[in-house]
$ cat work.cif   # mmCIF, C-alpha atoms and all ligand atoms
data_structure
loop_
_atom_site.label_atom_id
_atom_site.label_comp_id
_atom_site.auth_asym_id
_atom_site.auth_seq_id
_atom_site.Cartn_x
_atom_site.Cartn_y
_atom_site.Cartn_z
CA MET A 26 -0.81 -11.34 -18.34
CA ARG A 27 -3.28 -10.52 -15.70
CA SER A 28 -4.25 -7.30 -14.08
CA LEU A 29 -3.73 -6.77 -10.35
CA ILE A 30 -6.77 -5.35 -8.58
CA ASP A 31 -6.63 -7.04 -5.19
CA ILE A 32 -3.57 -8.48 -3.41
CA GLN A 33 -5.59 -11.68 -2.85
CA GLU A 34 -5.27 -12.44 -6.55
CA LEU A 35 -1.58 -13.19 -6.04
CA SER A 36 -0.60 -16.55 -4.64
CA THR A 37 2.05 -16.69 -1.93
CA ALA A 38 4.42 -18.24 -4.51
CA GLU A 39 3.82 -15.27 -6.83
CA ILE A 40 4.50 -12.79 -4.01
CA ASP A 41 7.69 -14.71 -3.18
CA GLU A 42 8.73 -14.49 -6.82
CA LEU A 43 8.11 -10.72 -6.94
CA LEU A 44 10.23 -10.36 -3.78
CA LYS A 45 12.98 -12.47 -5.34
CA ILE A 46 13.02 -10.38 -8.52
CA ALA A 47 13.09 -7.23 -6.34
CA GLN A 48 16.20 -8.51 -4.55
CA ASP A 49 17.88 -9.13 -7.89
CA ILE A 50 16.93 -5.64 -9.15
CA ILE A 51 18.50 -4.17 -6.00
CA ASN A 52 21.70 -6.16 -6.53
CA ASN A 53 21.94 -5.90 -10.35
CA PRO A 54 20.04 -2.79 -11.53
CA ALA A 55 21.96 -2.58 -14.84
CA LYS A 56 20.62 -5.99 -15.88
CA TYR A 57 17.10 -4.54 -15.91
CA SER A 58 17.73 -1.13 -17.46
CA GLU A 59 16.48 -2.03 -20.96
CA MET A 60 14.04 -4.81 -20.20
CA CYS A 61 10.94 -2.74 -21.00
CA LYS A 62 12.40 -0.91 -23.98
CA GLY A 63 9.61 0.06 -26.39
CA LYS A 64 6.87 -0.53 -23.80
CA LYS A 65 4.57 2.17 -22.45
CA LEU A 66 2.94 2.56 -19.07
CA ALA A 67 -0.12 4.81 -18.77
CA THR A 68 -0.65 6.24 -15.30
CA LEU A 69 -4.28 7.30 -14.88
CA PHE A 70 -4.61 9.06 -11.55
CA PHE A 71 -8.02 10.49 -10.77
CA GLU A 72 -7.07 11.22 -7.14
CA PRO A 73 -4.07 13.07 -5.65
CA SER A 74 -0.78 11.20 -5.47
CA THR A 75 2.91 11.95 -5.29
CA ARG A 76 4.57 8.68 -4.37
CA THR A 77 2.50 6.08 -6.11
CA ARG A 78 2.31 7.80 -9.51
CA LEU A 79 5.93 8.90 -9.59
CA SER A 80 7.02 5.54 -8.22
CA PHE A 81 5.26 3.73 -11.09
CA GLU A 82 6.73 6.20 -13.58
CA ALA A 83 10.27 5.97 -12.14
CA ALA A 84 9.93 2.18 -12.15
CA MET A 85 9.04 2.16 -15.85
CA TYR A 86 11.85 4.56 -16.75
CA GLU A 87 14.36 2.45 -14.82
CA LEU A 88 13.25 -0.52 -16.91
CA GLY A 89 13.93 1.46 -20.09
CA GLY A 90 10.24 2.00 -20.89
CA ASN A 91 8.15 5.11 -21.46
CA VAL A 92 5.27 6.73 -19.65
CA LEU A 93 2.01 8.46 -20.61
CA SER A 94 0.33 10.24 -17.77
CA VAL A 95 -3.02 11.64 -16.65
CA SER A 96 -2.51 13.21 -13.27
CA SER A 97 -5.99 14.48 -12.38
CA ALA A 98 -9.62 13.88 -13.22
CA GLU A 99 -10.01 17.57 -14.13
CA SER A 100 -7.39 17.36 -16.87
CA SER A 101 -8.88 14.26 -18.52
CA SER A 102 -12.08 13.38 -20.37
CA ALA A 103 -13.46 12.06 -17.08
CA ALA A 104 -14.34 15.72 -16.50
CA LYS A 105 -16.53 15.54 -19.62
CA GLY A 106 -18.36 12.53 -18.25
CA GLU A 107 -16.46 9.69 -19.95
CA SER A 108 -16.94 6.31 -18.30
CA VAL A 109 -14.06 4.33 -16.81
CA ALA A 110 -14.87 1.55 -19.30
CA ASP A 111 -14.49 3.86 -22.31
CA THR A 112 -11.30 5.39 -20.92
CA ALA A 113 -9.84 1.89 -20.46
CA LYS A 114 -10.75 0.86 -24.02
CA THR A 115 -9.19 4.04 -25.37
CA ILE A 116 -5.93 3.82 -23.43
CA SER A 117 -5.52 0.20 -24.55
CA ASN A 118 -4.65 1.67 -27.98
CA TYR A 119 -1.85 3.81 -26.60
CA ALA A 120 -0.09 1.85 -23.90
CA ASP A 121 0.95 -1.68 -22.85
CA ILE A 122 -0.10 -1.42 -19.20
CA ILE A 123 -2.21 0.90 -17.04
CA ALA A 124 -1.76 1.95 -13.41
CA MET A 125 -5.03 3.47 -12.20
CA ARG A 126 -5.99 5.33 -9.03
CA HIS A 127 -9.63 6.29 -8.61
CA PRO A 128 -11.82 7.64 -5.78
CA LYS A 129 -14.52 5.06 -6.57
CA GLU A 130 -14.07 1.60 -5.13
CA GLY A 131 -14.07 -0.94 -7.94
CA ALA A 132 -13.16 1.51 -10.74
CA PRO A 133 -9.84 -0.23 -11.57
CA LEU A 134 -11.73 -3.54 -11.69
CA VAL A 135 -14.15 -2.08 -14.23
CA ALA A 136 -11.16 -0.75 -16.19
CA SER A 137 -9.54 -4.21 -16.18
CA MET A 138 -12.74 -5.77 -17.54
CA ASN A 139 -12.75 -3.36 -20.47
CA ALA A 140 -9.06 -2.90 -21.25
CA THR A 141 -7.15 -5.22 -23.54
CA ILE A 142 -3.95 -4.56 -21.53
CA PRO A 143 -3.20 -5.27 -17.84
CA VAL A 144 -4.57 -2.80 -15.29
CA ILE A 145 -2.87 -2.33 -11.93
CA ASN A 146 -4.95 -0.89 -9.10
CA ALA A 147 -2.99 2.03 -7.64
CA GLY A 148 -5.63 2.64 -4.96
CA ASP A 149 -9.42 2.59 -5.24
CA GLY A 150 -11.29 4.73 -2.70
CA GLY A 151 -11.12 3.33 0.82
CA HIS A 152 -10.87 -0.22 -0.53
CA ASN A 153 -7.54 -1.67 -1.69
CA HIS A 154 -4.00 -0.66 -2.56
CA PRO A 155 -2.12 -3.81 -3.62
CA THR A 156 1.10 -2.20 -4.83
CA GLN A 157 1.56 -0.32 -1.55
CA THR A 158 1.25 -3.72 0.09
CA LEU A 159 3.99 -5.08 -2.16
CA ALA A 160 6.16 -2.18 -0.93
CA ASP A 161 5.21 -2.96 2.68
CA LEU A 162 5.96 -6.69 2.31
CA CYS A 163 9.34 -5.97 0.74
CA THR A 164 10.18 -3.56 3.58
CA ILE A 165 9.17 -6.03 6.29
CA TYR A 166 11.04 -8.84 4.54
CA CYS A 167 14.22 -6.79 4.07
CA GLU A 168 14.12 -5.50 7.65
CA LYS A 169 13.17 -8.70 9.42
CA GLY A 170 14.36 -11.41 7.04
CA ARG A 171 10.95 -13.08 7.28
CA LEU A 172 7.23 -12.48 6.82
CA ASP A 173 6.03 -15.05 9.36
CA ASN A 174 6.13 -15.32 13.15
CA MET A 175 5.51 -11.73 14.13
CA THR A 176 3.07 -9.35 15.74
CA VAL A 177 1.97 -6.53 13.46
CA GLY A 178 0.38 -3.42 14.96
CA LEU A 179 -1.68 -1.24 12.64
CA CYS A 180 -2.50 2.18 14.03
CA GLY A 181 -4.68 5.11 12.97
CA ASP A 182 -7.46 5.15 10.39
CA LEU A 183 -8.09 1.44 9.94
CA LYS A 184 -11.55 2.06 8.51
CA PHE A 185 -10.76 4.16 5.45
CA GLY A 186 -7.07 3.27 5.12
CA ARG A 187 -6.96 1.10 1.99
CA THR A 188 -3.31 0.20 2.56
CA VAL A 189 -4.33 -1.36 5.89
CA HIS A 190 -6.96 -3.60 4.28
CA SER A 191 -4.56 -4.89 1.66
CA LEU A 192 -1.72 -5.40 4.15
CA ILE A 193 -3.91 -7.45 6.49
CA ALA A 194 -5.01 -9.60 3.55
CA ALA A 195 -1.40 -10.20 2.55
CA MET A 196 0.16 -10.80 5.98
CA ALA A 197 -2.68 -13.07 7.08
CA ARG A 198 -1.37 -15.78 4.78
CA TYR A 199 1.93 -16.20 6.66
CA GLU A 200 2.39 -18.57 9.62
CA ASN A 201 1.89 -17.23 13.12
CA VAL A 202 1.26 -13.58 12.28
CA LYS A 203 -0.82 -11.81 14.93
CA PHE A 204 -2.49 -8.46 14.48
CA VAL A 205 -2.98 -5.65 16.97
CA LEU A 206 -5.49 -3.18 15.56
CA ILE A 207 -5.13 0.22 17.21
CA SER A 208 -7.68 2.88 16.30
CA PRO A 209 -10.34 5.19 17.64
CA VAL A 210 -13.66 3.34 18.00
CA GLU A 211 -15.03 5.24 14.97
CA LEU A 212 -12.15 4.13 12.73
CA LYS A 213 -11.96 0.39 13.38
CA VAL A 214 -11.13 -2.12 10.65
CA PRO A 215 -14.30 -2.73 8.56
CA SER A 216 -16.23 -5.81 9.55
CA TYR A 217 -15.82 -7.37 6.09
CA VAL A 218 -12.05 -7.45 6.57
CA LYS A 219 -12.47 -9.12 9.97
CA LYS A 220 -15.06 -11.58 8.72
CA ASP A 221 -13.53 -12.51 5.35
CA ILE A 222 -9.91 -12.59 6.41
CA LEU A 223 -9.19 -12.66 10.14
CA LYS A 224 -12.11 -14.76 11.37
CA GLN A 225 -12.25 -16.93 8.29
CA LYS A 226 -8.59 -17.89 8.68
CA ASN A 227 -8.83 -18.08 12.46
CA ILE A 228 -6.13 -15.47 12.92
CA GLU A 229 -5.33 -14.05 16.32
CA TYR A 230 -6.08 -10.33 16.62
CA VAL A 231 -6.93 -7.77 19.25
CA GLN A 232 -8.58 -4.39 18.85
CA THR A 233 -7.62 -1.54 21.14
CA THR A 234 -7.60 2.22 21.38
CA GLU A 235 -4.35 2.34 23.38
CA LEU A 236 -1.08 2.40 21.44
CA GLU A 237 1.33 2.62 24.37
CA GLU A 238 -0.16 -0.37 26.18
CA VAL A 239 0.52 -2.72 23.28
CA MET A 240 3.83 -1.20 22.15
CA PRO A 241 6.10 -3.80 23.89
CA GLU A 242 4.47 -6.67 21.94
CA LEU A 243 4.99 -5.27 18.45
CA ASP A 244 7.53 -6.38 15.84
CA VAL A 245 6.09 -4.05 13.19
CA LEU A 246 4.17 -0.83 13.79
CA TYR A 247 2.28 0.41 10.73
CA MET A 248 1.18 4.00 11.30
CA THR A 249 -1.45 5.60 9.05
CA ARG A 250 -2.92 9.01 8.32
CA VAL A 251 -6.54 9.76 9.14
CA GLN A 252 -8.08 9.82 5.64
CA LYS A 253 -9.52 13.32 5.54
CA GLU A 254 -10.95 12.94 2.03
CA ARG A 255 -13.21 10.03 3.04
CA PHE A 256 -14.98 11.84 5.89
CA PHE A 257 -18.53 13.08 5.51
CA ASN A 258 -18.11 15.94 7.93
CA GLU A 259 -15.12 18.02 8.85
CA GLU A 260 -15.97 18.09 12.54
CA ASP A 261 -15.39 14.33 12.85
CA TYR A 262 -12.12 14.61 10.97
CA LEU A 263 -10.87 17.43 13.20
CA ARG A 264 -11.81 15.47 16.31
CA LEU A 265 -10.03 12.29 15.19
CA LYS A 266 -7.09 13.51 13.12
CA ASP A 267 -4.55 13.64 15.95
CA SER A 268 -5.69 10.50 17.77
CA TYR A 269 -2.19 9.01 17.56
CA ILE A 270 1.07 10.88 17.34
CA LEU A 271 4.12 8.67 17.66
CA THR A 272 6.86 10.40 19.66
CA PRO A 273 10.23 9.15 20.99
CA GLU A 274 8.63 9.06 24.45
CA LYS A 275 6.00 6.56 23.27
CA LEU A 276 8.71 4.28 21.89
CA LYS A 277 10.33 3.87 25.32
CA ASN A 278 8.89 0.39 25.82
CA ALA A 279 9.12 -0.70 22.20
CA LYS A 280 11.30 -3.62 21.08
CA PRO A 281 14.80 -2.58 20.02
CA ASP A 282 14.20 -4.22 16.64
CA LEU A 283 10.72 -2.80 16.03
CA SER A 284 10.16 -1.71 12.41
CA ILE A 285 8.08 1.45 12.03
CA LEU A 286 6.30 1.72 8.69
CA HIS A 287 3.96 4.35 7.22
CA PRO A 288 2.66 4.36 3.63
CA LEU A 289 3.06 8.18 3.59
CA PRO A 290 2.07 10.97 3.23
CA ARG A 291 2.62 11.68 6.91
CA VAL A 292 0.56 14.50 8.33
CA ASN A 293 1.10 14.47 12.07
CA GLU A 294 1.19 10.77 13.02
CA ILE A 295 4.94 10.43 13.48
CA ALA A 296 7.09 13.12 15.08
CA VAL A 297 9.93 14.18 12.81
CA ALA A 298 12.27 13.41 15.75
CA ILE A 299 11.72 9.70 15.02
CA ASP A 300 13.04 9.92 11.46
CA ASP A 301 16.62 9.35 12.60
CA ASP A 302 15.72 6.40 14.84
CA PRO A 303 17.11 3.22 13.22
CA ARG A 304 13.66 1.67 13.65
CA ALA A 305 12.07 4.19 11.25
CA CYS A 306 11.59 2.45 7.89
CA TYR A 307 9.12 4.70 6.10
CA PHE A 308 11.54 6.29 3.68
CA LYS A 309 13.14 2.93 2.87
CA GLN A 310 9.58 1.79 2.19
CA VAL A 311 9.38 4.41 -0.60
CA TYR A 312 12.49 2.89 -2.22
CA TYR A 313 11.18 -0.66 -1.93
CA GLY A 314 7.89 0.55 -3.44
CA LYS A 315 9.65 1.55 -6.64
CA ILE A 316 11.58 -1.71 -6.79
CA MET A 317 8.46 -3.84 -6.24
CA ARG A 318 6.62 -1.90 -8.94
CA MET A 319 9.52 -2.66 -11.31
CA SER A 320 9.18 -6.31 -10.37
CA LEU A 321 5.41 -6.25 -10.92
CA ILE A 322 5.64 -4.47 -14.29
CA LEU A 323 8.13 -7.11 -15.50
CA LYS A 324 5.73 -9.91 -14.56
CA ALA A 325 2.62 -8.11 -15.82
CA LEU A 326 4.21 -7.50 -19.22
CA GLU A 327 5.53 -11.07 -19.26
CA VAL A 328 9.07 -9.80 -19.79
CA LEU A 329 10.13 -12.24 -17.07
C1 LIG B 1 -1.61 5.89 0.71
C2 LIG B 1 -2.87 5.88 -0.14
O1 LIG B 1 -2.92 6.57 -1.16
O2 LIG B 1 -3.76 5.15 0.23
N1 LIG B 1 -0.57 6.59 0.11
C3 LIG B 1 0.24 5.94 -0.76
O3 LIG B 1 -0.17 5.45 -1.78
N2 LIG B 1 1.52 5.79 -0.40
C4 LIG B 1 -1.85 6.29 2.11
C5 LIG B 1 -2.53 7.59 2.36
O4 LIG B 1 -2.85 8.35 1.44
O5 LIG B 1 -2.72 7.87 3.54
#
$ encode --input "work.cif" --output "structure tokens" --more "lines below"
Ligand code: NCD
Amino acid sequence: MRSLIDIQELSTAEIDELLKIAQDIINNPAKYSEMCKGKKLATLFFEPSTRTRLSFEAAMYELGGNVLSVSSAESSSAAKGESVADTAKTISNYADIIAMRHPKEGAPLVASMNATIPVINAGDGGHNHPTQTLADLCTIYCEKGRLDNMTVGLCGDLKFGRTVHSLIAAMARYENVKFVLISPVELKVPSYVKKDILKQKNIEYVQTTELEEVMPELDVLYMTRVQKERFFNEEDYLRLKDSYILTPEKLKNAKPDLSILHPLPRVNEIAVAIDDDPRACYFKQVYYGKIMRMSLILKALEVL
């Protein structure tokens, strides 16, 4: 099996298959409870994480497999100066699959080139986060019953938000999906994402700084946290961190069937008062994330 470093490596048919398996896991969890018996997942997380690491680990346990875990760079040989390549070669002797998060863009790719087992990118710097995108796609699909014909608003830190880059790459492949990119001028979507995906595929998009103005058009609103850890100076972060705070008031003109997503962790971008709004999907998204990681592990290990 192959590694998964970038969501673009999956064909639309493969994404559809992962979604189909996810539906079956939801409906028949018992059928899957021993499918990875005797297999081991190594989670190598060199950056903070709650959801993604535990989601991978819960996914493996729910498939009957086992988990080996490195939860910080400080507690691993990376602190002694070991290269990603050497770590990948080493872990290949212990586990059947690796999920890796790393602050350096491209580190999981390097790991995949040196490991003899599949490597899943669990987030590399401000670059990509394909398994969060699988969670996002499953959420949108389960909420809307489709992945095409919709207007998707992405709001917040579109520059450093890796989940945003991967989600645009994935949604851009479906028919008649339009993007509304809402961010401060300093945190716009990187030009490579616009050039290589949106412009290259001739996809309709607008860029704006005003969330409320575009609210009535949106079918999906994907809120994101300003990525503090990627800023070079604190002053800029403090100035930009509260650029968008979604409140019930701001949803007044939103569609009744809007789906509000957020990859989490939330800092201040969505008022807690919205959590009980039926349009809030961000905690369901956490559930779908685990299910899609189960689906991916099954395919990566060629169990299915
Ligand atoms: C995201 C990430 O790590 O990029 N979190 C996650 O994996 N669910 C989003 C974020 O940290 O803001």
$ residues_near_ligand --input "work.cif" --ligand "ligand LIG 1 (chain B)" --cutoff "9 Å" --atoms "only C-alpha atoms and all ligand atoms" --output "MDAnalysis selection string"
chainID A and resid 72:78 126 147:154 156:157 182 185:189 249:253 287:292 311 314
$ atom_distance --input "work.cif" --atom1 "atom CA of Met248 of chain A" --atom2 "atom CA of Asp49 of chain A"
28.6 Å
$ residues_around --input "work.cif" --residues "Ala298 of chain A" --least-positions-apart "2" --cutoff "10 Å" --atoms "only C-alpha atoms" --output "number ranges by chain"
A: 271-273, 295-296, 300-302
$ write_last_selection --input "work.cif" --atoms "C-alpha atoms" --output "compact mmCIF listing (two decimals), in the coordinates of the input"
# COMPACT_ATOMS: atom_id res chain seq x y z
CA LEU A 271 4.12 8.67 17.66
CA THR A 272 6.86 10.40 19.66
CA PRO A 273 10.23 9.15 20.99
CA ILE A 295 4.94 10.43 13.48
CA ALA A 296 7.09 13.12 15.08
CA ASP A 300 13.04 9.92 11.46
CA ASP A 301 16.62 9.35 12.60
CA ASP A 302 15.72 6.40 14.84
$ axis_aligned_box --input "work.cif" --around "segment 81-95 of chain A" --padding-each-side "6 Å" --output "AutoDock Vina command-line options"
--center_x 5.7 --center_y 5.6 --center_z -16.3 --size_x 29.4 --size_y 24.2 --size_z 22.4
$ closest_residue --input "work.cif" --among "A:Asn146, A:Ser36, A:Gln310, A:Ser94" --to "Ser284 of chain A" --atoms "only C-alpha atoms"
A:Gln310
$ residues_around --input "work.cif" --residues "Ala120 of chain A" --least-positions-apart "5" --cutoff "12 Å" --atoms "only C-alpha atoms" --output "ChimeraX atom specification"
/A:63-69,90-94,113-115,140-144,326
$ atom_distance --input "work.cif" --atom1 "atom CA of Ala47 of chain A" --atom2 "atom CA of Ser117 of chain A"
27.1 Å
$ atom_distance --input "work.cif" --atom1 "atom CA of Glu237 of chain A" --atom2 "atom CA of Lys213 of chain A"
17.4 Å
$ closest_residue --input "work.cif" --among "A:Met319, A:Glu259, A:Ile299, A:Ala325" --to "Glu82 of chain A" --atoms "only C-alpha atoms"
A:Met319
$ closest_residue --input "work.cif" --among "A:Pro241, A:Asp282, A:Met317, A:Glu211" --to "Leu265 of chain A" --atoms "only C-alpha atoms"
A:Glu211
$ closest_residue --input "work.cif" --among "A:Val205, A:Leu192, A:Ile145, A:Leu276" --to "Phe81 of chain A" --atoms "all atoms listed in the file"
A:Ile145
$ residues_around --input "work.cif" --residues "Thr234 of chain A" --least-positions-apart "2" --cutoff "8 Å" --atoms "all atoms listed in the file" --output "ChimeraX atom specification"
/A:207-210,232,236
$ residues_around --input "work.cif" --residues "Ser108 of chain A" --least-positions-apart "5" --cutoff "12 Å" --atoms "only C-alpha atoms" --output "VMD selection string"
chain A and resid 98 101 to 103 113 to 115 132 to 133 135 to 136 139
$ residues_around --input "work.cif" --residues "Leu162 of chain A" --least-positions-apart "4" --cutoff "9 Å" --atoms "only C-alpha atoms" --output "PyMOL selection string"
chain A and resi 40+44+157-158+166-167+172+192+195-196
$ closest_residue --input "work.cif" --among "A:Leu159, A:Ile316, A:Leu246, A:Met125" --to "Gly181 of chain A" --atoms "all atoms listed in the file"
A:Leu246
$ closest_residue --input "work.cif" --among "A:Asn53, A:Ser58, A:Ser28, A:Thr37" --to "Glu200 of chain A" --atoms "all atoms listed in the file"
A:Thr37
$ build_atoms --input "work.cif" --residues "segment 180-190 of chain A" --atoms "all heavy atoms" --output "PDB file, in the frame of the given file"
ATOM      1  N   CYS A 180      -2.021   1.100  13.165  1.00  0.00           N
ATOM      2  CA  CYS A 180      -2.500   2.180  14.030  1.00  0.00           C
ATOM      3  C   CYS A 180      -3.000   3.372  13.214  1.00  0.00           C
ATOM      4  O   CYS A 180      -2.338   3.813  12.280  1.00  0.00           O
ATOM      5  CB  CYS A 180      -1.355   2.618  14.933  1.00  0.00           C
ATOM      6  SG  CYS A 180      -1.778   3.982  16.013  1.00  0.00           S
ATOM      7  N   GLY A 181      -4.169   3.878  13.591  1.00  0.00           N
ATOM      8  CA  GLY A 181      -4.680   5.110  12.970  1.00  0.00           C
ATOM      9  C   GLY A 181      -6.049   4.887  12.362  1.00  0.00           C
ATOM     10  O   GLY A 181      -6.951   4.362  13.007  1.00  0.00           O
ATOM     11  N   ASP A 182      -6.172   5.257  11.076  1.00  0.00           N
ATOM     12  CA  ASP A 182      -7.460   5.150  10.390  1.00  0.00           C
ATOM     13  C   ASP A 182      -7.559   3.780   9.718  1.00  0.00           C
ATOM     14  O   ASP A 182      -7.222   3.617   8.550  1.00  0.00           O
ATOM     15  CB  ASP A 182      -7.570   6.269   9.359  1.00  0.00           C
ATOM     16  CG  ASP A 182      -8.955   6.315   8.702  1.00  0.00           C
ATOM     17  OD1 ASP A 182      -9.727   5.353   8.876  1.00  0.00           O
ATOM     18  OD2 ASP A 182      -9.240   7.314   8.027  1.00  0.00           O
ATOM     19  N   LEU A 183      -8.039   2.806  10.474  1.00  0.00           N
ATOM     20  CA  LEU A 183      -8.090   1.440   9.940  1.00  0.00           C
ATOM     21  C   LEU A 183      -9.383   1.204   9.161  1.00  0.00           C
ATOM     22  O   LEU A 183      -9.541   0.185   8.496  1.00  0.00           O
ATOM     23  CB  LEU A 183      -7.972   0.430  11.092  1.00  0.00           C
ATOM     24  CG  LEU A 183      -6.778   0.631  12.045  1.00  0.00           C
ATOM     25  CD1 LEU A 183      -6.647  -0.551  12.998  1.00  0.00           C
ATOM     26  CD2 LEU A 183      -5.469   0.843  11.276  1.00  0.00           C
ATOM     27  N   LYS A 184     -10.281   2.184   9.234  1.00  0.00           N
ATOM     28  CA  LYS A 184     -11.550   2.060   8.510  1.00  0.00           C
ATOM     29  C   LYS A 184     -11.376   2.454   7.036  1.00  0.00           C
ATOM     30  O   LYS A 184     -11.667   1.683   6.133  1.00  0.00           O
ATOM     31  CB  LYS A 184     -12.590   2.974   9.170  1.00  0.00           C
ATOM     32  CG  LYS A 184     -13.938   2.956   8.484  1.00  0.00           C
ATOM     33  CD  LYS A 184     -14.918   3.874   9.196  1.00  0.00           C
ATOM     34  CE  LYS A 184     -16.264   3.855   8.504  1.00  0.00           C
ATOM     35  NZ  LYS A 184     -17.192   4.833   9.089  1.00  0.00           N
ATOM     36  N   PHE A 185     -10.874   3.665   6.822  1.00  0.00           N
ATOM     37  CA  PHE A 185     -10.760   4.160   5.450  1.00  0.00           C
ATOM     38  C   PHE A 185      -9.387   3.887   4.832  1.00  0.00           C
ATOM     39  O   PHE A 185      -9.206   4.095   3.627  1.00  0.00           O
ATOM     40  CB  PHE A 185     -11.000   5.676   5.430  1.00  0.00           C
ATOM     41  CG  PHE A 185     -12.390   6.076   5.857  1.00  0.00           C
ATOM     42  CD1 PHE A 185     -12.594   6.882   6.972  1.00  0.00           C
ATOM     43  CD2 PHE A 185     -13.509   5.657   5.140  1.00  0.00           C
ATOM     44  CE1 PHE A 185     -13.867   7.277   7.365  1.00  0.00           C
ATOM     45  CE2 PHE A 185     -14.792   6.033   5.533  1.00  0.00           C
ATOM     46  CZ  PHE A 185     -14.971   6.842   6.648  1.00  0.00           C
ATOM     47  N   GLY A 186      -8.428   3.460   5.637  1.00  0.00           N
ATOM     48  CA  GLY A 186      -7.070   3.270   5.120  1.00  0.00           C
ATOM     49  C   GLY A 186      -6.980   2.021   4.241  1.00  0.00           C
ATOM     50  O   GLY A 186      -6.863   0.902   4.721  1.00  0.00           O
ATOM     51  N   ARG A 187      -6.964   2.244   2.933  1.00  0.00           N
ATOM     52  CA  ARG A 187      -6.960   1.100   1.990  1.00  0.00           C
ATOM     53  C   ARG A 187      -5.676   0.277   2.095  1.00  0.00           C
ATOM     54  O   ARG A 187      -5.680  -0.933   1.863  1.00  0.00           O
ATOM     55  CB  ARG A 187      -7.167   1.608   0.565  1.00  0.00           C
ATOM     56  CG  ARG A 187      -6.176   2.672   0.137  1.00  0.00           C
ATOM     57  CD  ARG A 187      -6.654   3.376  -1.124  1.00  0.00           C
ATOM     58  NE  ARG A 187      -5.802   4.513  -1.482  1.00  0.00           N
ATOM     59  CZ  ARG A 187      -6.161   5.442  -2.345  1.00  0.00           C
ATOM     60  NH1 ARG A 187      -7.330   5.390  -2.947  1.00  0.00           N
ATOM     61  NH2 ARG A 187      -5.347   6.428  -2.632  1.00  0.00           N
ATOM     62  N   THR A 188      -4.570   0.950   2.461  1.00  0.00           N
ATOM     63  CA  THR A 188      -3.310   0.200   2.560  1.00  0.00           C
ATOM     64  C   THR A 188      -3.394  -0.826   3.691  1.00  0.00           C
ATOM     65  O   THR A 188      -2.807  -1.896   3.606  1.00  0.00           O
ATOM     66  CB  THR A 188      -2.113   1.149   2.825  1.00  0.00           C
ATOM     67  OG1 THR A 188      -2.266   1.761   4.104  1.00  0.00           O
ATOM     68  CG2 THR A 188      -1.998   2.235   1.777  1.00  0.00           C
ATOM     69  N   VAL A 189      -4.156  -0.470   4.729  1.00  0.00           N
ATOM     70  CA  VAL A 189      -4.330  -1.360   5.890  1.00  0.00           C
ATOM     71  C   VAL A 189      -5.082  -2.630   5.460  1.00  0.00           C
ATOM     72  O   VAL A 189      -4.695  -3.751   5.815  1.00  0.00           O
ATOM     73  CB  VAL A 189      -5.113  -0.619   7.000  1.00  0.00           C
ATOM     74  CG1 VAL A 189      -5.580  -1.574   8.081  1.00  0.00           C
ATOM     75  CG2 VAL A 189      -4.266   0.507   7.573  1.00  0.00           C
ATOM     76  N   HIS A 190      -6.140  -2.447   4.680  1.00  0.00           N
ATOM     77  CA  HIS A 190      -6.960  -3.600   4.280  1.00  0.00           C
ATOM     78  C   HIS A 190      -6.139  -4.574   3.438  1.00  0.00           C
ATOM     79  O   HIS A 190      -6.211  -5.793   3.618  1.00  0.00           O
ATOM     80  CB  HIS A 190      -8.209  -3.129   3.518  1.00  0.00           C
ATOM     81  CG  HIS A 190      -8.956  -2.042   4.243  1.00  0.00           C
ATOM     82  ND1 HIS A 190      -9.713  -1.097   3.602  1.00  0.00           N
ATOM     83  CD2 HIS A 190      -9.036  -1.742   5.568  1.00  0.00           C
ATOM     84  CE1 HIS A 190     -10.215  -0.260   4.494  1.00  0.00           C
ATOM     85  NE2 HIS A 190      -9.823  -0.629   5.693  1.00  0.00           N
TER      86      HIS A 190
END
